[in-house]
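Source file: start_28.txt. Holds: compact mmCIF, C-alpha atoms.
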# COMPACT_ATOMS: atom_id res chain seq x y z
CA ALA U 877 11.51 87.41 85.81
CA GLU U 878 9.48 89.98 87.72
CA PRO U 879 8.26 92.75 85.33
CA PRO U 880 10.32 95.91 85.98
CA ASP U 881 7.31 98.24 85.45
CA GLY U 882 9.55 100.82 83.86
CA GLY U 883 13.10 101.22 82.59
CA TRP U 884 13.48 99.80 79.08
CA GLY U 885 9.77 98.96 79.27
CA TRP U 886 8.89 102.57 78.43
CA VAL U 887 10.82 102.24 75.15
CA VAL U 888 8.94 99.00 74.44
CA MET U 889 5.67 100.81 75.19
CA LEU U 890 6.46 103.57 72.65
CA ALA U 891 7.42 100.96 70.04
CA ALA U 892 4.15 99.09 70.65
CA MET U 893 2.22 102.36 70.43
CA TRP U 894 3.84 103.13 67.07
CA CYS U 895 2.92 99.62 65.89
CA ASN U 896 -0.71 99.95 66.95
CA GLY U 897 -0.93 103.40 65.38
CA SER U 898 0.74 102.67 62.05
CA VAL U 899 -1.07 99.35 61.44
CA PHE U 900 -4.61 100.45 62.31
CA GLY U 901 -4.08 104.07 61.31
CA ILE U 902 -3.51 102.93 57.72
CA GLN U 903 -6.38 100.43 57.89
CA ASN U 904 -8.87 102.91 59.36
CA SER U 905 -7.90 105.54 56.77
CA CYS U 906 -8.66 103.17 53.91
CA GLY U 907 -11.71 105.25 52.93
CA VAL U 908 -9.40 107.96 51.56
CA LEU U 909 -7.35 105.39 49.62
CA PHE U 910 -10.58 103.77 48.40
CA VAL U 911 -11.79 106.99 46.74
CA SER U 912 -8.39 107.47 45.11
CA MET U 913 -8.36 103.88 43.81
CA LEU U 914 -11.81 104.36 42.27
CA GLN U 915 -10.56 107.42 40.40
CA LEU U 916 -7.26 105.84 39.31
CA PHE U 917 -8.38 102.36 38.27
CA GLY U 918 -12.05 102.99 37.45
CA SER U 919 -13.84 103.49 34.18
CA ALA U 920 -17.35 104.61 33.33
CA ASP U 921 -18.11 101.21 31.76
CA ASP U 922 -17.28 99.18 34.90
CA LYS U 923 -20.57 98.53 36.70
CA GLN U 924 -18.92 96.57 39.57
CA LEU U 925 -16.17 99.04 40.35
CA ALA U 926 -17.07 99.69 44.01
CA PHE U 927 -17.46 95.94 44.62
CA LYS U 928 -14.05 95.08 43.16
CA THR U 929 -12.23 97.99 44.80
CA ALA U 930 -13.72 97.32 48.25
CA TRP U 931 -12.05 93.89 48.26
CA VAL U 932 -8.62 95.53 48.57
CA SER U 933 -9.22 97.20 51.95
CA SER U 934 -11.55 94.45 53.10
CA LEU U 935 -9.03 91.68 52.43
CA SER U 936 -6.36 93.72 54.20
CA MET U 937 -8.33 94.14 57.43
CA GLY U 938 -9.62 90.56 57.28
CA MET U 939 -6.14 89.03 56.85
CA ILE U 940 -4.82 90.87 59.92
CA PHE U 941 -7.35 89.00 62.04
CA PHE U 942 -7.29 85.76 60.03
CA CYS U 943 -3.56 85.31 60.72
CA SER U 944 -3.93 85.90 64.48
CA PRO U 945 -4.15 82.24 65.61
CA ILE U 946 -1.02 81.42 63.58
CA VAL U 947 0.82 84.51 64.85
CA SER U 948 0.12 83.54 68.47
CA VAL U 949 1.73 80.13 67.84
CA PHE U 950 4.81 81.63 66.15
CA THR U 951 5.17 84.15 68.98
CA ASP U 952 5.14 81.32 71.54
CA LEU U 953 7.72 79.36 69.53
CA PHE U 954 10.18 82.03 68.37
CA GLY U 955 9.62 85.04 70.62
CA CYS U 956 8.18 88.51 70.13
CA ARG U 957 11.24 90.21 68.62
CA LYS U 958 11.83 87.83 65.69
CA VAL U 959 8.16 87.63 64.74
CA ALA U 960 7.64 91.42 64.94
CA VAL U 961 10.74 92.29 62.91
CA ILE U 962 10.02 89.76 60.15
CA GLY U 963 6.36 90.81 60.06
CA ALA U 964 7.24 94.50 59.63
CA ALA U 965 9.68 93.60 56.84
CA VAL U 966 6.99 91.62 54.99
CA GLY U 967 4.52 94.49 55.45
CA PHE U 968 7.07 96.95 54.04
CA VAL U 969 7.58 94.78 50.94
CA GLY U 970 3.82 94.40 50.43
CA LEU U 971 3.13 98.14 50.69
CA LEU U 972 6.06 99.04 48.42
CA SER U 973 4.92 96.47 45.83
CA SER U 974 1.44 98.00 45.87
CA SER U 975 2.88 101.29 44.60
CA PHE U 976 3.95 99.71 41.29
CA VAL U 977 0.72 98.05 40.12
CA SER U 978 -1.20 99.25 37.07
CA THR U 979 -4.58 97.55 37.71
CA ILE U 980 -6.73 96.80 40.76
CA GLU U 981 -6.32 93.00 40.73
CA PRO U 982 -2.64 92.78 41.86
CA LEU U 983 -3.56 94.88 44.92
CA TYR U 984 -5.58 91.93 46.21
CA PHE U 985 -2.27 90.16 46.83
CA THR U 986 0.24 92.97 47.47
CA TYR U 987 -1.97 95.11 49.72
CA GLY U 988 -4.77 92.74 50.74
CA VAL U 989 -2.61 89.71 51.61
CA LEU U 990 1.13 90.46 51.76
CA PHE U 991 0.96 93.84 53.50
CA ALA U 992 -1.83 92.66 55.85
CA CYS U 993 -0.04 89.43 56.86
CA GLY U 994 3.07 91.46 57.68
CA CYS U 995 0.97 93.83 59.80
CA SER U 996 -0.58 90.90 61.65
CA PHE U 997 2.81 89.37 62.48
CA ALA U 998 4.09 92.78 63.65
CA TYR U 999 0.98 93.70 65.65
CA GLN U 1000 0.28 90.76 67.95
CA PRO U 1001 3.80 90.56 69.52
CA SER U 1002 3.46 94.26 70.42
CA LEU U 1003 0.62 93.34 72.79
CA VAL U 1004 2.26 90.20 74.20
CA ILE U 1005 5.58 91.88 75.04
CA LEU U 1006 3.88 94.43 77.33
CA GLY U 1007 3.03 91.71 79.84
CA TYR U 1008 6.73 90.91 80.26
CA TYR U 1009 7.69 94.49 81.13
CA PHE U 1010 4.65 95.71 83.09
CA LYS U 1011 2.42 94.32 85.81
CA LYS U 1012 1.23 97.07 88.17
CA ARG U 1013 0.99 99.61 85.35
CA LEU U 1014 -0.20 97.21 82.64
CA GLY U 1015 -3.67 98.79 82.43
CA LEU U 1016 -2.24 102.27 81.97
CA VAL U 1017 0.28 101.07 79.40
CA ASN U 1018 -2.35 99.17 77.40
CA GLY U 1019 -4.50 102.29 77.34
CA ILE U 1020 -1.63 104.39 75.99
CA VAL U 1021 -0.65 101.77 73.40
CA THR U 1022 -4.18 101.24 72.05
CA ALA U 1023 -4.69 105.01 71.93
CA GLY U 1024 -1.94 104.99 69.29
CA SER U 1025 -4.40 103.80 66.65
CA SER U 1026 -6.78 106.64 67.55
CA LEU U 1027 -3.97 109.19 67.29
CA PHE U 1028 -2.98 107.96 63.82
CA THR U 1029 -6.62 107.61 62.70
CA VAL U 1030 -7.15 111.27 63.61
CA SER U 1031 -4.13 112.64 61.72
CA LEU U 1032 -3.47 110.22 58.84
CA PRO U 1033 -6.57 110.93 56.67
CA PHE U 1034 -5.63 114.60 56.35
CA LEU U 1035 -2.03 113.71 55.52
CA LEU U 1036 -3.18 111.15 52.93
CA ARG U 1037 -5.52 113.65 51.28
CA VAL U 1038 -2.73 116.24 50.97
CA LEU U 1039 -0.28 113.62 49.65
CA ILE U 1040 -2.73 112.12 47.13
CA ASP U 1041 -3.65 115.57 45.80
CA SER U 1042 0.00 116.62 45.46
CA VAL U 1043 1.97 113.46 44.54
CA GLY U 1044 -0.68 110.86 43.61
CA LEU U 1045 -1.65 107.48 45.03
CA TYR U 1046 1.53 105.60 44.10
CA ASN U 1047 3.90 108.05 45.80
CA THR U 1048 1.54 108.24 48.78
CA LEU U 1049 1.90 104.48 49.28
CA ARG U 1050 5.69 104.89 49.12
CA VAL U 1051 5.53 107.57 51.82
CA LEU U 1052 3.51 105.17 53.99
CA CYS U 1053 6.39 102.70 53.64
CA VAL U 1054 8.30 105.01 56.01
CA LEU U 1055 5.84 104.05 58.78
CA MET U 1056 6.54 100.36 58.13
CA PHE U 1057 10.32 100.92 58.10
CA VAL U 1058 10.12 102.62 61.52
CA LEU U 1059 7.95 99.69 62.65
CA PHE U 1060 10.71 97.32 61.47
CA LEU U 1061 13.22 99.16 63.67
CA ALA U 1062 10.77 99.27 66.58
CA GLY U 1063 10.57 95.46 66.60
CA PHE U 1064 14.21 95.26 67.71
CA THR U 1065 13.28 96.93 71.01
CA TYR U 1066 11.28 93.83 72.10
CA LYS U 1067 14.23 92.52 74.04
CA PRO U 1068 13.47 89.35 76.06
CA LEU U 1069 14.10 89.87 79.79
CA ASN U 1070 15.62 86.45 80.40
CA SER U 1071 16.57 83.39 78.40
CA ASN U 1072 14.69 80.23 79.27
CA ALA U 1073 15.42 76.58 78.62
CA LYS U 1074 13.63 76.69 75.25
CA ASP U 1075 15.86 79.56 74.09
CA GLU U 1076 18.99 77.69 75.18
CA GLU U 1077 17.88 74.60 73.24
CA GLY U 1078 17.30 76.78 70.17
CA LYS U 1079 20.85 78.19 70.40
CA LYS U 1080 22.30 74.66 70.60
CA GLY U 1081 20.29 73.51 67.59
CA LYS U 1082 18.14 71.15 69.67
CA PHE U 1083 14.89 73.06 69.25
CA ARG U 1084 11.92 70.83 68.51
CA PHE U 1085 8.33 71.74 67.76
CA PRO U 1086 5.99 70.67 70.54
CA PRO U 1087 3.09 68.33 69.72
CA GLY U 1088 0.15 69.80 67.78
CA LYS U 1089 -2.11 69.56 70.82
CA LYS U 1090 0.12 71.98 72.73
CA ILE U 1091 0.54 74.35 69.80
CA PHE U 1092 -3.19 74.79 69.15
CA ASN U 1093 -5.17 74.83 72.38
CA PHE U 1094 -8.69 73.94 71.20
CA SER U 1095 -9.79 73.15 74.76
CA VAL U 1096 -11.07 76.74 75.09
CA PHE U 1097 -14.02 75.76 72.91
CA LYS U 1098 -15.17 73.36 75.63
CA VAL U 1099 -16.19 76.44 77.64
CA THR U 1100 -19.83 77.10 76.66
CA SER U 1101 -19.77 80.83 77.40
CA TYR U 1102 -16.63 81.24 75.26
CA ARG U 1103 -18.28 79.37 72.38
CA ILE U 1104 -21.23 81.78 72.47
CA TRP U 1105 -18.84 84.75 72.61
CA ALA U 1106 -16.74 83.39 69.73
CA PHE U 1107 -19.91 83.03 67.62
CA GLY U 1108 -21.69 86.23 68.70
CA ILE U 1109 -18.80 88.63 68.07
CA PRO U 1110 -18.22 87.56 64.43
CA ALA U 1111 -21.99 87.57 63.83
CA ALA U 1112 -22.04 91.21 64.90
CA LEU U 1113 -19.17 92.27 62.66
CA PHE U 1114 -20.56 91.75 59.15
CA GLY U 1115 -21.35 95.45 58.97
CA TYR U 1116 -18.64 96.76 61.32
CA PHE U 1117 -16.00 97.72 58.72
CA VAL U 1118 -18.48 99.05 56.11
CA PRO U 1119 -18.42 102.71 57.32
CA TYR U 1120 -14.61 102.78 57.40
CA VAL U 1121 -14.43 101.71 53.73
CA HIS U 1122 -17.49 103.37 52.16
CA LEU U 1123 -18.31 106.43 54.26
CA MET U 1124 -15.93 108.73 52.34
CA LYS U 1125 -17.46 107.72 48.99
CA HIS U 1126 -21.00 108.04 50.39
CA VAL U 1127 -20.28 111.61 51.52
CA LYS U 1128 -18.77 112.47 48.14
CA ASP U 1129 -21.86 111.06 46.38
CA LYS U 1130 -24.28 112.95 48.65
CA PHE U 1131 -22.52 116.28 49.29
CA GLY U 1132 -19.96 116.49 46.48
CA ASP U 1133 -16.68 118.27 47.18
CA SER U 1134 -18.30 120.96 49.32
CA VAL U 1135 -17.51 119.25 52.65
CA PRO U 1136 -14.24 117.95 54.21
CA GLU U 1137 -15.14 114.28 54.50
CA GLU U 1138 -11.87 113.47 56.33
CA VAL U 1139 -13.36 115.22 59.38
CA LEU U 1140 -15.58 112.16 59.87
CA LEU U 1141 -12.55 109.89 60.33
CA LEU U 1142 -11.17 112.50 62.73
CA CYS U 1143 -14.37 112.24 64.79
CA LEU U 1144 -14.24 108.43 64.76
CA GLY U 1145 -10.60 108.44 65.89
CA VAL U 1146 -10.94 111.02 68.67
CA THR U 1147 -14.01 109.51 70.34
CA SER U 1148 -12.69 105.97 69.88
CA GLY U 1149 -9.65 106.94 71.94
CA ILE U 1150 -11.87 108.52 74.59
CA GLY U 1151 -14.10 105.42 74.62
CA ARG U 1152 -11.14 103.11 75.22
CA LEU U 1153 -9.98 105.10 78.22
CA VAL U 1154 -13.44 105.68 79.75
CA PHE U 1155 -15.05 102.26 79.21
CA GLY U 1156 -11.82 100.44 80.05
CA ARG U 1157 -11.97 102.09 83.48
CA VAL U 1158 -15.72 101.44 83.81
CA ALA U 1159 -15.15 97.73 83.10
CA ASP U 1160 -12.95 97.50 86.21
CA TYR U 1161 -16.05 98.13 88.34
CA ILE U 1162 -18.27 95.55 86.60
CA PRO U 1163 -17.86 92.06 88.09
CA GLY U 1164 -17.18 88.88 86.15
CA ALA U 1165 -18.82 88.07 82.82
CA LYS U 1166 -21.30 90.94 83.24
CA LYS U 1167 -18.67 93.03 81.40
CA VAL U 1168 -20.26 91.51 78.27
CA TYR U 1169 -23.19 93.90 78.72
CA LEU U 1170 -20.84 96.75 77.78
CA GLN U 1171 -20.22 95.03 74.44
CA VAL U 1172 -23.94 94.46 74.00
CA THR U 1173 -24.51 98.20 74.50
CA SER U 1174 -21.69 99.10 72.12
CA PHE U 1175 -23.06 96.84 69.35
CA PHE U 1176 -26.54 98.28 69.80
CA PHE U 1177 -25.28 101.84 69.28
CA ILE U 1178 -22.90 100.88 66.44
CA GLY U 1179 -25.78 99.21 64.59
CA LEU U 1180 -28.11 102.13 65.25
CA MET U 1181 -25.55 104.71 64.08
CA SER U 1182 -24.89 102.73 60.86
CA MET U 1183 -28.60 102.81 60.07
CA MET U 1184 -28.73 106.57 60.73
CA ILE U 1185 -25.96 107.43 58.21
CA PRO U 1186 -28.33 107.48 55.16
CA LEU U 1187 -30.84 109.61 57.11
CA CYS U 1188 -28.34 112.43 57.64
CA ASN U 1189 -29.13 115.14 55.10
CA VAL U 1190 -26.75 117.69 56.63
CA PHE U 1191 -23.03 117.21 57.26
CA GLY U 1192 -23.34 118.21 60.93
CA ALA U 1193 -25.65 115.25 61.58
CA LEU U 1194 -23.06 112.88 60.08
CA ILE U 1195 -20.43 114.33 62.42
CA ALA U 1196 -22.69 113.60 65.43
CA VAL U 1197 -23.26 110.03 64.21
CA CYS U 1198 -19.52 109.42 63.80
CA LEU U 1199 -18.81 110.83 67.27
CA PHE U 1200 -21.18 108.30 68.86
CA MET U 1201 -19.99 105.46 66.63
CA GLY U 1202 -16.34 106.08 67.55
CA LEU U 1203 -17.14 106.22 71.27
CA PHE U 1204 -18.81 102.79 71.28
CA ASP U 1205 -16.24 101.36 68.88
CA GLY U 1206 -13.65 102.16 71.55
CA CYS U 1207 -15.85 100.45 74.15
CA PHE U 1208 -16.09 97.26 72.07
CA ILE U 1209 -12.33 97.05 71.49
CA CYS U 1210 -10.99 97.91 74.95
CA ILE U 1211 -12.88 95.23 76.91
CA MET U 1212 -12.17 92.23 74.66
CA ALA U 1213 -9.16 91.09 76.69
CA PRO U 1214 -10.85 91.51 80.13
CA ILE U 1215 -13.84 89.45 78.94
CA ALA U 1216 -11.55 86.73 77.60
CA PHE U 1217 -9.82 86.55 81.00
CA GLU U 1218 -13.20 86.13 82.71
CA LEU U 1219 -14.41 83.39 80.35
CA VAL U 1220 -11.33 81.13 79.99
CA GLY U 1221 -8.83 82.27 82.64
CA ALA U 1222 -5.31 83.64 82.33
CA GLN U 1223 -3.72 80.36 81.24
CA ASP U 1224 -5.69 80.06 77.97
CA VAL U 1225 -6.37 83.73 77.23
CA SER U 1226 -3.69 84.20 74.55
CA GLN U 1227 -5.00 81.56 72.17
CA ALA U 1228 -8.62 82.32 73.09
CA ILE U 1229 -8.12 85.85 71.76
CA GLY U 1230 -6.20 84.49 68.76
CA PHE U 1231 -9.04 82.14 67.79
CA LEU U 1232 -11.60 84.91 68.22
CA LEU U 1233 -9.66 87.32 66.00
CA GLY U 1234 -9.34 84.57 63.39
CA LEU U 1235 -13.11 84.03 63.39
CA MET U 1236 -13.66 87.79 63.13
CA SER U 1237 -11.72 87.89 59.86
CA VAL U 1238 -14.51 86.33 57.76
CA PRO U 1239 -17.33 88.86 58.44
CA MET U 1240 -14.93 91.81 58.37
CA THR U 1241 -13.70 90.68 54.94
CA VAL U 1242 -17.03 90.03 53.21
CA GLY U 1243 -19.05 92.96 54.61
CA PRO U 1244 -17.55 95.89 52.61
CA PRO U 1245 -17.58 94.12 49.20
CA ILE U 1246 -21.26 93.26 49.68
CA ALA U 1247 -21.92 96.94 50.47
CA GLY U 1248 -19.98 97.88 47.31
CA LEU U 1249 -22.06 95.42 45.26
CA LEU U 1250 -25.28 96.99 46.55
CA ARG U 1251 -23.92 100.45 45.64
CA ASP U 1252 -23.09 99.29 42.09
CA HIS U 1253 -26.56 97.84 41.55
CA LEU U 1254 -28.70 100.44 43.32
CA GLY U 1255 -26.64 103.57 42.65
CA THR U 1256 -26.68 104.56 46.33
CA TYR U 1257 -25.22 103.38 49.66
CA ASP U 1258 -28.48 103.80 51.60
CA VAL U 1259 -29.53 100.12 51.62
CA ALA U 1260 -25.94 99.04 52.33
CA PHE U 1261 -25.77 101.15 55.51
CA TYR U 1262 -29.24 100.04 56.64
CA LEU U 1263 -28.22 96.39 56.28
CA ALA U 1264 -24.82 97.05 57.93
CA GLY U 1265 -26.68 98.02 61.11
CA VAL U 1266 -28.53 94.70 61.40
CA PRO U 1267 -25.66 92.27 62.28
CA PRO U 1268 -24.49 94.30 65.35
CA LEU U 1269 -28.03 94.14 66.74
CA ILE U 1270 -28.22 90.35 66.17
CA GLY U 1271 -24.74 89.77 67.61
CA GLY U 1272 -25.51 91.90 70.65
CA ALA U 1273 -28.67 89.87 71.31
CA ILE U 1274 -26.62 86.64 71.20
CA LEU U 1275 -24.09 88.01 73.68
CA CYS U 1276 -26.84 88.74 76.23
CA PHE U 1277 -26.94 85.02 77.12
CA ILE U 1278 -23.28 84.84 78.15
CA PRO U 1279 -23.50 86.08 81.79
CA TRP U 1280 -26.38 83.67 82.52
CA VAL U 1281 -24.58 80.69 80.91
CA HIS U 1282 -21.31 81.60 82.63
CA GLU U 1283 -22.94 81.75 86.08
CA ARG U 1284 -24.60 78.33 85.56
CA GLN U 1285 -21.25 76.96 84.42
CA LYS U 1286 -19.55 78.25 87.59
CA LEU U 1287 -22.30 76.75 89.77
CA LYS U 1288 -21.82 73.35 88.13
CA GLU U 1289 -18.06 73.54 88.68
CA ARG U 1290 -18.60 74.42 92.35
CA ALA U 1291 -21.03 71.52 92.73
CA LYS U 1292 -18.48 69.14 91.19
CA THR U 1293 -15.78 70.50 93.50
CA VAL U 1294 -18.02 70.02 96.57
CA ASP U 1295 -18.96 66.48 95.45
CA GLY U 1296 -15.31 65.68 94.82
CA GLU U 1297 -14.26 66.96 98.24
CA THR U 1298 -17.09 64.99 99.92
CA THR U 1299 -16.11 61.79 98.10
CA GLU U 1300 -12.46 62.35 98.97
CA LYS U 1301 -13.31 62.79 102.67
CA MET U 1302 -15.47 59.65 102.64
CA LEU U 1303 -12.61 57.67 101.10
CA GLU U 1304 -10.19 59.06 103.67
CA ASN U 1305 -12.53 58.14 106.53
CA GLU U 1306 -13.02 54.67 105.09
CA SER U 1307 -9.27 54.22 104.71
CA THR U 1308 -8.71 55.36 108.30
CA PHE U 1309 -11.40 52.96 109.57
CA VAL U 1310 -9.85 50.02 107.68
CA SER U 1311 -6.36 50.80 108.93
CA ASP U 1312 -7.60 51.16 112.53
CA THR U 1313 -9.39 47.82 112.29
CA ALA U 1314 -6.32 46.12 110.91
CA GLU U 1315 -4.15 47.49 113.73
CA LYS U 1316 -6.43 46.12 116.52
CA PRO U 1317 -4.95 42.96 118.12
CA VAL U 1318 -6.88 39.73 117.63
CA LYS U 1319 -8.24 38.34 120.93
Here is a file; write its structure as structure tokens.
Amino acid sequence: AEPPDGGWGWVVMLAAMWCNGSVFGIQNSCGVLFVSMLQLFGSADDKQLAFKTAWVSSLSMGMIFFCSPIVSVFTDLFGCRKVAVIGAAVGFVGLLSSSFVSTIEPLYFTYGVLFACGCSFAYQPSLVILGYYFKKRLGLVNGIVTAGSSLFTVSLPFLLRVLIDSVGLYNTLRVLCVLMFVLFLAGFTYKPLNSNAKDEEGKKGKFRFPPGKKIFNFSVFKVTSYRIWAFGIPAALFGYFVPYVHLMKHVKDKFGDSVPEEVLLLCLGVTSGIGRLVFGRVADYIPGAKKVYLQVTSFFFIGLMSMMIPLCNVFGALIAVCLFMGLFDGCFICIMAPIAFELVGAQDVSQAIGFLLGLMSVPMTVGPPIAGLLRDHLGTYDVAFYLAGVPPLIGGAILCFIPWVHERQKLKERAKTVDGETTEKMLENESTFVSDTAEKPVK
């Protein structure tokens, strides 16, 4: 069906915006929860406290991306509405369970795995469904939806701080369950526009899983430029999530309680939203795979800003660093889909993004615990932030090769097409010559 570009689609857009905001708002505010967990579960004798606690938030963010390839398959098989509703329900159960634990270890499963898997299954359908309802306004709608995470990232840290100070960590987690319950209701708005043959078969009980080859489309890895991209992005992300987890604790260690550390997450959220809108529009004017250079620039600045965090001896300097980091974080996120379209084409883009997000899960999971381990051993986060800035620089350098490789790839494809057309014409001419000879009468 032709996308209506409006109507019920606006309700779907608001539901998707709530999904994006609640999922990544909670994840990006994990620094506030991290400090509270250290105080609640920690003891003076535990020399690996930051390392063990960092695994909770790190596992949570990593699992959201790790599940992405599987979520894309389930969305193709069962539709956006079923997957989103069940995912939100699982996330609700995981978050509620987290509010009843008495030690840090059960949180690895309840918050790091169960809650995160639910978020992953709720999140990805919210992006897919937009393409069914919007075509001409899809860019605008995607900008509004992704800005939801910035809006929540700006406001949620202050709310969490007030809640934790007044009712404690456990009740704060129960309040956050309200966001997941609304997300559960929002999933029901993902109404399919038309029923296709696969849906009809499912209703009659004749649904069959397609062959494995069609479920998992590994052919995208045959594209050399995509392979480089799928390796370069994860390589850049080993230090990406470190500031979100450890920045609050670093500020508390360095400045004590004299500064409002939640302001830093506010700065990250505001400029990230601005970056998504500005760089998303800029990318429209950059042709082909050269859009990758925007990601190269963003990784360069993200790495540089991470390294500058320990050098900031006044709180105002940290605010400036977070403003720049948020701006280029928004740049990195908003142009992932356009680059995927350029590298693999529209037909394979869904699973190409799914595979990439899955590969991103490993570095995003292991980075923060390593930073926590360094903090436990050295007594400071300085070395951790210096090292967190190195992977973005390396990953950005790898990505620089993509436009050149992609252009060579396109030239080879054109050459093959020209050779194929020439061969086809020669065969046609030969066939015509043979047929003309056969039709001539024998004298």
Find the residues near Ile1109 (chain U): any atom within 9 Å, counting all atoms listed in the file, skip ones fewer than 3 places away on the same chain, and give them as a VMD selection string.
chain U and resid 1104 to 1106 1112 to 1113 1232 1235 to 1236 1268 1271 to 1272 1274 to 1275
Find the spatial neighbours of region 1143-1150 of chain U, counting all atoms listed in the file, within a cut-off of 6 Å - ignore same-chain residues fewer than 6 positions away - and output them as number ranges by chain.
U: 1023, 1026, 1029-1030, 1198-1199, 1202-1203, 1205-1206
Go ahead and write the selection's residues with C-alpha atoms as a PDB file, keeping the file's coordinate frame.
ATOM      1  CA  ALA U1023      -4.690 105.010  71.930  1.00  0.00           C
ATOM      2  CA  SER U1026      -6.780 106.640  67.550  1.00  0.00           C
ATOM      3  CA  THR U1029      -6.620 107.610  62.700  1.00  0.00           C
ATOM      4  CA  VAL U1030      -7.150 111.270  63.610  1.00  0.00           C
ATOM      5  CA  CYS U1198     -19.520 109.420  63.800  1.00  0.00           C
ATOM      6  CA  LEU U1199     -18.810 110.830  67.270  1.00  0.00           C
ATOM      7  CA  GLY U1202     -16.340 106.080  67.550  1.00  0.00           C
ATOM      8  CA  LEU U1203     -17.140 106.220  71.270  1.00  0.00           C
ATOM      9  CA  ASP U1205     -16.240 101.360  68.880  1.00  0.00           C
ATOM     10  CA  GLY U1206     -13.650 102.160  71.550  1.00  0.00           C
TER      11      GLY U1206
END
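Note that CA of Leu916 (chain U) and CA of Val1190 (chain U) are 28.6 Å apart.
Within 7 Å of Asp881 (chain U), once only C-alpha atoms are used and residues closer than 6 positions along the same chain are dropped, the contacting residues are Tyr1009, Phe1010, Lys1011, Lys1012 and Arg1013 of chain U.
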Å distance separating CA of Tyr1257 (chain U) from CA of Val1127 (chain U), one decimal place:
9.8 Å
Please report as JSON lines every residue of region 1027-1143 of chain U lying within 7 Å of region 939-962 of chain U, along with the nearest atom pair and their distance in Å (one decimal), using all atoms listed in the file.
{"residue": "U:Phe1060", "atom": "CA", "partner": "U:Val961", "partner_atom": "CA", "distance": 5.2}
{"residue": "U:Gly1063", "atom": "CA", "partner": "U:Val961", "partner_atom": "CA", "distance": 4.9}
{"residue": "U:Phe1064", "atom": "CA", "partner": "U:Arg957", "partner_atom": "CA", "distance": 5.9}
{"residue": "U:Tyr1066", "atom": "CA", "partner": "U:Arg957", "partner_atom": "CA", "distance": 5.0}
{"residue": "U:Lys1067", "atom": "CA", "partner": "U:Arg957", "partner_atom": "CA", "distance": 6.6}
{"residue": "U:Ile1091", "atom": "CA", "partner": "U:Val949", "partner_atom": "CA", "distance": 6.2}
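Counting only C-alpha atoms, the residue from U:Ile1178, U:Phe1191, U:Gly1151, U:Arg1251 that sits nearest to Ser1134 (chain U) is U:Phe1191.
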Give me the region 1168-1257 of chain U side of the contact with region 1154-1164 of chain U, cut-off 10 Å, one line per residue showing its nearest atom pair and distance in Å at one decimal, counting all atoms listed in the file, sorted by chain and residue number, as a tab-separated table.
residue	atom	partner	partner_atom	distance
U:Val1168	CA	U:Gly1164	CA	8.9
U:Tyr1169	CA	U:Ile1162	CA	9.4
U:Leu1170	CA	U:Ala1159	CA	7.9
U:Leu1203	CA	U:Phe1155	CA	9.1
U:Phe1204	CA	U:Phe1155	CA	8.8
U:Gly1206	CA	U:Phe1155	CA	7.8
U:Cys1207	CA	U:Phe1155	CA	5.4
U:Phe1208	CA	U:Phe1155	CA	8.8
U:Ile1209	CA	U:Gly1156	CA	9.2
U:Cys1210	CA	U:Gly1156	CA	5.8
U:Ile1211	CA	U:Gly1156	CA	6.2
U:Met1212	CA	U:Gly1156	CA	9.8
U:Pro1214	CA	U:Ala1159	CA	8.1
U:Ile1215	CA	U:Gly1164	CA	8.0
U:Phe1217	CA	U:Gly1164	CA	9.3
U:Glu1218	CA	U:Gly1164	CA	5.9
U:Leu1219	CA	U:Gly1164	CA	8.5
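Distance-wise, CA of Cys995 (chain U) and CA of Gly1115 (chain U) end up 22.4 Å apart.
Near Leu935 (chain U), within 8 Å and counting all atoms listed in the file, sit Tyr984, Gly988, Val989 and Thr1241 of chain U, not including residues fewer than 6 positions from it in the same chain.
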Which residue gives the smallest distance to Gly1019 (chain U) among U:Asn1189, U:Thr1048, U:Asn896, U:Ser978, with only C-alpha atoms counted?
U:Asn896
Name all residues at most 12 Å from region 1032-1043 of chain U (count all atoms listed in the file; drop same-chain ones fewer than 4 positions away) and give them as a VMD selection string.
chain U and resid 897 to 913 915 to 916 1024 to 1028 1047 to 1052 1055 1120 1124 1136 to 1145
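Nearest residue to Glu1283 (chain U) among U:Lys1167, U:Leu1061, U:Ser1101, U:Ser1182 is U:Ser1101, counting only C-alpha atoms.
Restricting the calculation to all atoms listed in the file, the smallest distance between Asp1129 (chain U) and any of U:Pro1244, U:Pro1110, U:Gly1007, U:Pro1186 is found for U:Pro1186.
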